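Text of the file my_file-v1.cif, holding mmCIF, C-alpha atoms:
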```cif
data_query
#
loop_
_atom_site.label_atom_id
_atom_site.label_comp_id
_atom_site.auth_asym_id
_atom_site.auth_seq_id
_atom_site.Cartn_x
_atom_site.Cartn_y
_atom_site.Cartn_z
CA MET D 268 0.00 0.00 0.00
CA GLU D 269 1.58 3.27 -1.16
CA ILE D 270 1.36 6.07 1.38
CA VAL D 271 1.41 9.56 -0.11
CA PRO D 272 2.89 12.12 2.33
CA ILE D 273 0.51 14.82 3.56
CA PRO D 274 1.73 18.28 2.39
CA VAL D 275 2.56 19.74 5.79
CA ASP D 276 2.58 23.33 4.55
CA LYS D 277 -0.79 23.30 2.79
CA TYR D 278 -2.89 20.39 4.01
CA ASN D 279 -6.63 20.77 4.63
CA VAL D 280 -8.44 19.36 7.67
CA GLY D 281 -12.04 18.16 7.53
CA PHE D 282 -14.17 17.43 10.57
CA ILE D 283 -16.86 14.79 10.25
CA GLY D 284 -19.01 15.88 13.15
CA ALA D 285 -19.15 19.52 14.20
CA GLY D 286 -19.59 19.21 17.95
CA LYS D 287 -17.79 20.94 20.81
CA MET D 288 -14.58 18.90 20.53
CA ALA D 289 -14.26 19.58 16.80
CA GLU D 290 -14.89 23.26 17.47
CA SER D 291 -12.23 23.32 20.21
CA ILE D 292 -9.63 21.75 17.92
CA ALA D 293 -10.50 24.08 15.05
CA ARG D 294 -10.35 27.16 17.28
CA GLY D 295 -7.03 26.05 18.77
CA ALA D 296 -5.50 25.44 15.35
CA VAL D 297 -6.57 28.88 14.13
CA ARG D 298 -5.62 30.66 17.36
CA SER D 299 -2.13 29.13 17.39
CA GLY D 300 -1.52 29.89 13.72
CA ILE D 301 -1.07 26.22 12.79
CA LEU D 302 -3.90 26.43 10.26
CA PRO D 303 -5.79 29.34 8.73
CA PRO D 304 -9.58 28.88 8.82
CA SER D 305 -9.60 28.63 5.03
CA ARG D 306 -7.95 25.19 5.34
CA ILE D 307 -10.55 23.83 7.77
CA ARG D 308 -13.93 22.49 6.74
CA THR D 309 -16.92 20.72 8.23
CA ALA D 310 -20.61 20.13 7.52
CA HIS D 311 -23.64 20.40 9.77
CA SER D 312 -27.35 21.14 9.42
CA ASN D 313 -27.80 22.70 12.86
CA PRO D 314 -27.69 26.52 12.55
CA ALA D 315 -25.98 26.94 15.93
CA ARG D 316 -23.18 24.52 15.08
CA ARG D 317 -22.75 26.08 11.63
CA ALA D 318 -22.54 29.52 13.22
CA ALA D 319 -19.91 28.36 15.73
CA PHE D 320 -17.55 27.34 12.91
CA GLU D 321 -18.41 30.24 10.65
CA SER D 322 -17.54 32.63 13.50
CA ILE D 323 -13.88 31.58 13.18
CA GLY D 324 -13.94 31.75 9.39
CA VAL D 325 -14.44 28.06 8.61
CA ASN D 326 -16.37 27.30 5.44
CA VAL D 327 -19.23 24.98 6.42
CA ARG D 328 -20.12 22.65 3.56
CA SER D 329 -23.47 21.13 2.66
CA CYS D 330 -22.51 17.49 3.25
CA ASN D 331 -19.77 15.23 4.63
CA GLN D 332 -18.84 14.01 1.15
CA ASP D 333 -17.82 17.54 0.17
CA VAL D 334 -15.73 17.81 3.33
CA ILE D 335 -13.79 14.60 2.63
CA GLU D 336 -13.18 15.30 -1.05
CA ASP D 337 -11.47 18.57 -0.15
CA SER D 338 -9.50 17.33 2.89
CA ASP D 339 -6.12 15.67 3.37
CA VAL D 340 -6.74 14.92 7.07
CA VAL D 341 -10.19 13.70 8.07
CA ILE D 342 -11.11 13.80 11.77
CA PHE D 343 -14.09 11.74 12.89
CA SER D 344 -15.53 13.56 15.88
CA VAL D 345 -18.96 11.94 16.01
CA LYS D 346 -20.47 10.03 18.91
CA PRO D 347 -18.98 6.52 19.42
CA GLN D 348 -22.28 4.78 18.75
CA VAL D 349 -22.56 6.21 15.22
CA VAL D 350 -18.92 6.22 14.09
CA LYS D 351 -19.21 2.82 12.39
CA GLU D 352 -22.24 3.87 10.37
CA VAL D 353 -20.59 7.14 9.35
CA ILE D 354 -17.30 5.55 8.25
CA LEU D 355 -19.03 2.79 6.29
CA GLN D 356 -21.21 5.36 4.54
CA LEU D 357 -18.18 7.42 3.53
CA ARG D 358 -15.80 4.51 2.89
CA PRO D 359 -15.59 4.93 -0.94
CA LEU D 360 -14.01 8.37 -0.38
CA LEU D 361 -11.59 7.29 2.37
CA THR D 362 -8.55 6.47 0.28
CA THR D 363 -5.04 5.92 1.63
CA LYS D 364 -4.13 9.39 0.33
CA LYS D 365 -6.04 10.73 3.32
CA LEU D 366 -4.93 10.51 6.93
CA LEU D 367 -7.88 9.42 9.06
CA VAL D 368 -8.21 10.36 12.73
CA SER D 369 -10.79 9.35 15.33
CA VAL D 370 -11.52 11.04 18.65
CA ALA D 371 -14.46 8.72 19.38
CA ALA D 372 -14.01 7.32 22.88
CA GLY D 373 -13.77 3.55 23.24
CA VAL D 374 -13.65 2.74 19.51
CA LYS D 375 -10.58 0.62 18.77
CA LEU D 376 -8.15 1.07 15.89
CA LYS D 377 -8.74 -2.44 14.55
CA ASP D 378 -12.42 -1.66 14.09
CA LEU D 379 -11.79 1.78 12.61
CA GLU D 380 -9.33 0.28 10.13
CA GLU D 381 -11.70 -2.52 9.17
CA TRP D 382 -14.58 -0.10 8.53
CA ALA D 383 -12.40 2.29 6.52
CA GLY D 384 -10.71 -0.47 4.52
CA HIS D 385 -7.16 0.55 5.39
CA SER D 386 -4.96 1.30 8.41
CA ARG D 387 -3.76 4.85 7.77
CA PHE D 388 -5.62 5.79 10.92
CA ILE D 389 -4.68 7.54 14.17
CA ARG D 390 -6.75 7.28 17.31
CA VAL D 391 -6.64 10.27 19.66
CA MET D 392 -8.08 10.52 23.16
CA PRO D 393 -8.41 14.24 24.07
CA ASN D 394 -10.36 15.62 27.02
CA THR D 395 -12.75 18.52 27.50
CA PRO D 396 -10.20 21.15 28.64
CA ALA D 397 -9.36 21.35 24.93
CA ALA D 398 -12.03 24.08 25.00
CA VAL D 399 -9.60 26.34 26.90
CA GLY D 400 -6.39 25.12 25.26
CA GLU D 401 -5.39 22.83 28.15
CA ALA D 402 -6.25 19.35 26.87
CA ALA D 403 -4.39 16.23 27.92
CA SER D 404 -4.46 14.09 24.77
CA VAL D 405 -2.93 10.73 23.88
CA MET D 406 -2.60 9.25 20.40
CA SER D 407 -1.93 5.79 18.99
CA LEU D 408 -0.94 5.15 15.37
CA GLY D 409 -2.55 2.57 13.12
CA GLY D 410 -0.51 0.13 11.07
CA ALA D 411 -0.06 2.33 7.98
CA ALA D 412 0.20 5.70 9.71
CA THR D 413 3.71 7.08 9.26
CA GLU D 414 5.94 8.90 11.70
CA GLU D 415 5.28 12.05 9.67
CA ASP D 416 1.53 11.48 10.08
CA GLY D 417 2.04 11.24 13.83
CA ASN D 418 4.09 14.44 13.91
CA LEU D 419 1.39 16.29 12.01
CA ILE D 420 -1.33 15.18 14.41
CA SER D 421 0.92 15.91 17.39
CA LYS D 422 1.29 19.49 16.21
CA LEU D 423 -2.41 19.86 15.43
CA PHE D 424 -3.63 18.55 18.80
CA GLY D 425 -0.77 20.34 20.53
CA SER D 426 -2.59 23.55 19.63
CA VAL D 427 -5.25 22.72 22.25
CA GLY D 428 -2.99 21.43 25.03
CA LYS D 429 -0.41 18.68 25.45
CA ILE D 430 -0.32 15.35 23.64
CA TRP D 431 1.53 12.10 24.27
CA LYS D 432 1.99 8.97 22.17
CA ALA D 433 1.15 5.60 23.72
CA ASP D 434 0.24 2.04 22.83
CA GLU D 435 -3.50 1.61 22.37
CA LYS D 436 -3.60 -1.02 25.12
CA TYR D 437 -3.38 1.84 27.63
CA PHE D 438 -6.38 3.75 26.31
CA ASP D 439 -8.92 2.39 28.80
CA ALA D 440 -6.69 3.50 31.68
CA ILE D 441 -6.16 6.84 29.93
CA THR D 442 -9.93 7.23 29.69
CA GLY D 443 -10.25 6.56 33.41
CA LEU D 444 -7.56 9.11 34.26
CA SER D 445 -7.53 12.03 31.82
CA GLY D 446 -10.81 11.37 30.01
CA SER D 447 -12.93 11.25 33.16
CA GLY D 448 -10.45 13.09 35.38
CA PRO D 449 -11.75 16.63 34.79
CA ALA D 450 -15.04 15.63 36.44
CA TYR D 451 -13.15 14.45 39.53
CA ILE D 452 -11.39 17.79 39.74
CA TYR D 453 -14.64 19.72 39.34
CA LEU D 454 -15.97 17.79 42.32
CA ALA D 455 -12.82 18.69 44.27
CA ILE D 456 -13.19 22.39 43.38
CA GLU D 457 -16.83 22.35 44.45
CA ALA D 458 -15.94 20.60 47.71
CA LEU D 459 -13.11 23.05 48.46
CA ALA D 460 -15.48 25.95 47.84
CA ASP D 461 -18.12 24.38 50.09
CA GLY D 462 -15.46 24.02 52.76
CA GLY D 463 -14.61 27.69 52.39
CA VAL D 464 -18.28 28.62 52.80
CA ALA D 465 -18.53 26.37 55.86
CA ALA D 466 -15.52 28.21 57.31
CA GLY D 467 -17.24 31.56 56.75
CA LEU D 468 -16.25 32.75 53.25
CA PRO D 469 -18.72 34.30 50.79
CA ARG D 470 -19.67 31.78 48.08
CA ASP D 471 -18.20 33.72 45.12
CA LEU D 472 -14.88 34.29 46.87
CA ALA D 473 -14.68 30.65 48.01
CA LEU D 474 -15.30 29.36 44.48
CA SER D 475 -12.77 31.73 42.93
CA LEU D 476 -10.12 30.80 45.49
CA ALA D 477 -10.78 27.07 45.06
CA SER D 478 -10.56 27.24 41.26
CA GLN D 479 -7.38 29.31 41.25
CA THR D 480 -5.79 27.13 43.93
CA VAL D 481 -6.31 23.99 41.81
CA LEU D 482 -5.00 25.79 38.73
CA GLY D 483 -1.94 27.05 40.59
CA ALA D 484 -1.16 23.68 42.14
CA ALA D 485 -1.42 21.94 38.76
CA SER D 486 0.88 24.55 37.22
CA MET D 487 3.42 23.98 39.99
CA ALA D 488 3.31 20.23 39.37
CA THR D 489 3.86 20.58 35.61
CA SER D 490 6.39 23.42 35.64
CA THR D 491 8.71 22.64 38.56
CA GLY D 492 9.40 18.99 37.76
CA LYS D 493 9.06 18.16 41.45
CA HIS D 494 7.20 15.07 42.62
CA PRO D 495 3.74 15.96 43.98
CA GLY D 496 4.73 14.49 47.32
CA GLN D 497 7.65 16.94 47.54
CA LEU D 498 5.41 19.86 46.63
CA LYS D 499 3.00 18.74 49.34
CA ASP D 500 5.84 18.56 51.86
CA ASP D 501 7.00 22.05 50.85
CA VAL D 502 3.73 23.58 52.05
CA THR D 503 3.28 21.34 55.11
CA SER D 504 4.80 22.83 58.26
CA PRO D 505 5.16 20.77 61.47
CA GLY D 506 2.04 21.08 63.57
CA GLY D 507 0.53 23.59 61.11
CA THR D 508 -2.78 24.07 59.36
CA THR D 509 -1.93 22.09 56.21
CA ILE D 510 -0.89 18.88 57.96
CA THR D 511 -4.06 19.09 60.03
CA GLY D 512 -6.12 19.28 56.83
CA ILE D 513 -4.14 16.47 55.19
CA HIS D 514 -4.73 14.30 58.26
CA GLU D 515 -8.47 14.70 57.72
CA LEU D 516 -8.14 13.80 54.03
CA GLU D 517 -6.18 10.68 54.91
CA LYS D 518 -8.78 9.64 57.49
CA GLY D 519 -11.40 9.95 54.74
CA GLY D 520 -9.43 7.80 52.31
CA PHE D 521 -8.92 10.68 49.87
CA ARG D 522 -6.07 9.17 47.85
CA GLY D 523 -7.54 5.68 47.81
CA THR D 524 -10.90 7.03 46.66
CA LEU D 525 -9.33 8.88 43.73
CA MET D 526 -7.34 5.79 42.78
CA ASN D 527 -10.50 3.69 42.92
CA ALA D 528 -12.33 6.20 40.71
CA VAL D 529 -9.68 5.94 37.98
CA VAL D 530 -9.63 2.13 38.14
CA ALA D 531 -13.45 1.91 38.09
CA ALA D 532 -13.72 4.28 35.12
CA ALA D 533 -11.02 2.33 33.26
CA LYS D 534 -12.92 -0.90 33.90
CA ARG D 535 -16.12 0.67 32.58
CA SER D 536 -14.27 1.87 29.49
CA ARG D 537 -13.16 -1.71 28.79
CA GLU D 538 -16.73 -2.92 29.18
CA LEU D 539 -18.10 -0.28 26.79
CA SER D 540 -15.43 -0.88 24.15
#
```
How does this structure look as structure tokens?
Amino acid sequence: MEIVPIPVDKYNVGFIGAGKMAESIARGAVRSGILPPSRIRTAHSNPARRAAFESIGVNVRSCNQDVIEDSDVVIFSVKPQVVKEVILQLRPLLTTKKLLVSVAAGVKLKDLEEWAGHSRFIRVMPNTPAAVGEAASVMSLGGAATEEDGNLISKLFGSVGKIWKADEKYFDAITGLSGSGPAYIYLAIEALADGGVAAGLPRDLALSLASQTVLGAASMATSTGKHPGQLKDDVTSPGGTTITGIHELEKGGFRGTLMNAVVAAAKRSRELS
């Protein structure tokens, strides 16, 4: 099977499915300067979704066939339960000249490749913070996807956060951690804010402090290179307020509960896939 390189300086990207994730990726690519909006296309009948893409200059086509014919990279961003139907419907247009990408959670490469009729496919697992340019994404390359294909997708998804490459066998665990993880953190932010209110803070101040505290702590963990345990020790004085709070968290099984949440979500991902 001959693989034609994607022209990295002038390739077009087409989104099959114009939902929030597709919009986040398109906005990130335009905002970062990786792609001008003139090289992005999608199709949708919903006026609100059309307007969302048109607001960043993307030309919204009348049908998915038009999108594929004019795209070098085709990103399937439809719901997992319909991705098979969509790929099979469009299969005659999905030649090996096009790099195919799926962000559908739980849908394995072997199935994607079978439905498309070839293995120039890359599976990507992003998460919802892509909407603010802070996604944690992981990709796995199909059998015919080249290193250059991977670099191109790395750069594209890097415009909405950070991306790693990993074997597909890890994707269920990745789903349990980074895919579902934002929801765990939202619960933590809400709980911290509730604690602030219980201690006497106004609700708006408590929520703002909780959100910024989580953001700042995450930034410290990613930028300093220190182990989280060391960062925790750095702020924990003997007999002080922080160790008293940590003692309460440990009594409540805080770390074990988070670990269990990731493992349970990963197990559910395996069941669904």
>> Give me, as a ChimeraX atom specification, all polymer residues having an atom no more than 12 Å from Val349 in chain D, counting only C-alpha atoms and skipping those fewer than 4 positions away in the same chain.
In response: /D:283-284,343-345,353-356,371-372,374,379
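Closest approach to Thr524 in chain D among D:Asn326, D:Ile441, D:Tyr451, D:Thr413: D:Tyr451, based on all atoms listed in the file.
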> For the point (-9.2, 26.1, 38.1) in file coordinates, what residues are within 12 Å, counting all atoms listed in the file? Give the answer as a PyMOL selection string?
Replying inline: chain D and resi 396+399+401+449+452-457+459-460+474-486
>> Calculated over all atoms listed in the file, which of the candidates D:Ser291, D:Ser504, D:Gln348, D:Thr309 has the smallest distance to Val334 in chain D?
In response: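 Under the stated criterion, the closest residue is D:Thr309.
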> For Asp378 in chain D, which of D:Val350, D:Gly286, D:Thr395, D:Val427 is the closest residue, counting only C-alpha atoms?
Replying inline: D:Val350
> Do you know which residues the PyMOL selection byres ((chain D and resi 303) around 12) returns on this file, as a list in words?
Replying inline: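 Given this file, the PyMOL selection byres ((chain D and resi 303) around 12) evaluates to Asp276, Lys277, Tyr278, Asn279, Val280, Ala293, Arg294, Gly295, Ala296, Val297, Arg298, Ser299, Gly300, Ile301, Leu302, Pro304, Ser305, Arg306, Ile307, Arg308, Ile323, Gly324, Val325 and Asn326 of chain D.
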Let me see the file: selected residues, C-alpha atoms, as an mmCIF file, in the frame of the given file.
```
data_model
loop_
_atom_site.group_PDB
_atom_site.id
_atom_site.type_symbol
_atom_site.label_atom_id
_atom_site.label_comp_id
_atom_site.auth_asym_id
_atom_site.auth_seq_id
_atom_site.Cartn_x
_atom_site.Cartn_y
_atom_site.Cartn_z
ATOM 1 C CA ASP D 276 2.580 23.330 4.550
ATOM 2 C CA LYS D 277 -0.790 23.300 2.790
ATOM 3 C CA TYR D 278 -2.890 20.390 4.010
ATOM 4 C CA ASN D 279 -6.630 20.770 4.630
ATOM 5 C CA VAL D 280 -8.440 19.360 7.670
ATOM 6 C CA ALA D 293 -10.500 24.080 15.050
ATOM 7 C CA ARG D 294 -10.350 27.160 17.280
ATOM 8 C CA GLY D 295 -7.030 26.050 18.770
ATOM 9 C CA ALA D 296 -5.500 25.440 15.350
ATOM 10 C CA VAL D 297 -6.570 28.880 14.130
ATOM 11 C CA ARG D 298 -5.620 30.660 17.360
ATOM 12 C CA SER D 299 -2.130 29.130 17.390
ATOM 13 C CA GLY D 300 -1.520 29.890 13.720
ATOM 14 C CA ILE D 301 -1.070 26.220 12.790
ATOM 15 C CA LEU D 302 -3.900 26.430 10.260
ATOM 16 C CA PRO D 304 -9.580 28.880 8.820
ATOM 17 C CA SER D 305 -9.600 28.630 5.030
ATOM 18 C CA ARG D 306 -7.950 25.190 5.340
ATOM 19 C CA ILE D 307 -10.550 23.830 7.770
ATOM 20 C CA ARG D 308 -13.930 22.490 6.740
ATOM 21 C CA ILE D 323 -13.880 31.580 13.180
ATOM 22 C CA GLY D 324 -13.940 31.750 9.390
ATOM 23 C CA VAL D 325 -14.440 28.060 8.610
ATOM 24 C CA ASN D 326 -16.370 27.300 5.440
#
```
> Could you work out how far CA of Asp439 in chain D lies from CA of Ser536 in chain D, giving the answer in Å with one decimal?
Replying inline: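 Distance between the two atoms: 5.4 Å.
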>> Which residues would end up in the selection if the PyMOL selection byres ((chain D and resi 387) around 10) were applied here, given that I need the answer as a VMD selection string?
In response: chain D and resid 268 270 361 to 368 376 379 to 380 383 to 386 388 to 389 408 to 413 416
>> Just to confirm, what's the straight-line distance from CA of Lys429 in chain D to CA of Ala402 in chain D in Å (one decimal)?
In response: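 Here the two named atoms are 6.0 Å from each other.
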> Which residues fall under the PyMOL selection byres ((chain D and resi 404) around 7) in this file, as a list in words?
Replying inline: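 That selection, the PyMOL selection byres ((chain D and resi 404) around 7), comes back as Val391, Met392, Pro393, Asn394, Ala402, Ala403, Val405, Met406, Lys429, Ile430 and Trp431 of chain D.
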> Could you state the separation of CA of Leu360 in chain D and CA of Ile335 in chain D in Å, given to one decimal place?
Replying inline: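 Between these atoms lies a distance of 6.9 Å.
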Emit as lines of an AutoDock Vina configuration file the padded axis-aligned box for all listed atoms of range 301-310 of chain D, 3 Å per side, with centre and edge lengths in Å to one decimal.
```
center_x = -10.8
center_y = 24.7
center_z = 8.9
size_x = 25.5
size_y = 15.2
size_z = 13.8
```
> Smallest atom-to-atom distance to Arg328 in chain D: which of D:Ala285, D:Ile273, D:Ala315, D:Ile292, using only C-alpha atoms?
Replying inline: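 Between D:Ala285, D:Ile273, D:Ala315, D:Ile292, the residue approaching Arg328 in chain D most closely is D:Ala285.
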> Which of these residues is nearest to Val271 in chain D, using all atoms listed in the file: D:Lys377, D:Gly512, D:Glu415, D:Trp382?
Replying inline: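 For Val271 in chain D, the nearest of the candidates is D:Glu415.
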> Given the choices D:Ala318, D:Ile510, D:Leu444, D:Ala450, which gets closest to Lys534 in chain D if the distance is worked out from all atoms listed in the file?
Replying inline: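 The closest residue to Lys534 in chain D is D:Leu444.
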>> For Ala528 in chain D, find every residue with an atom within 10 Å (counting all atoms listed in the file), except residues of its own chain fewer than 2 positions away, and show them as a PyMOL selection string.
In response: chain D and resi 443-444+447-448+451+522-526+530-534
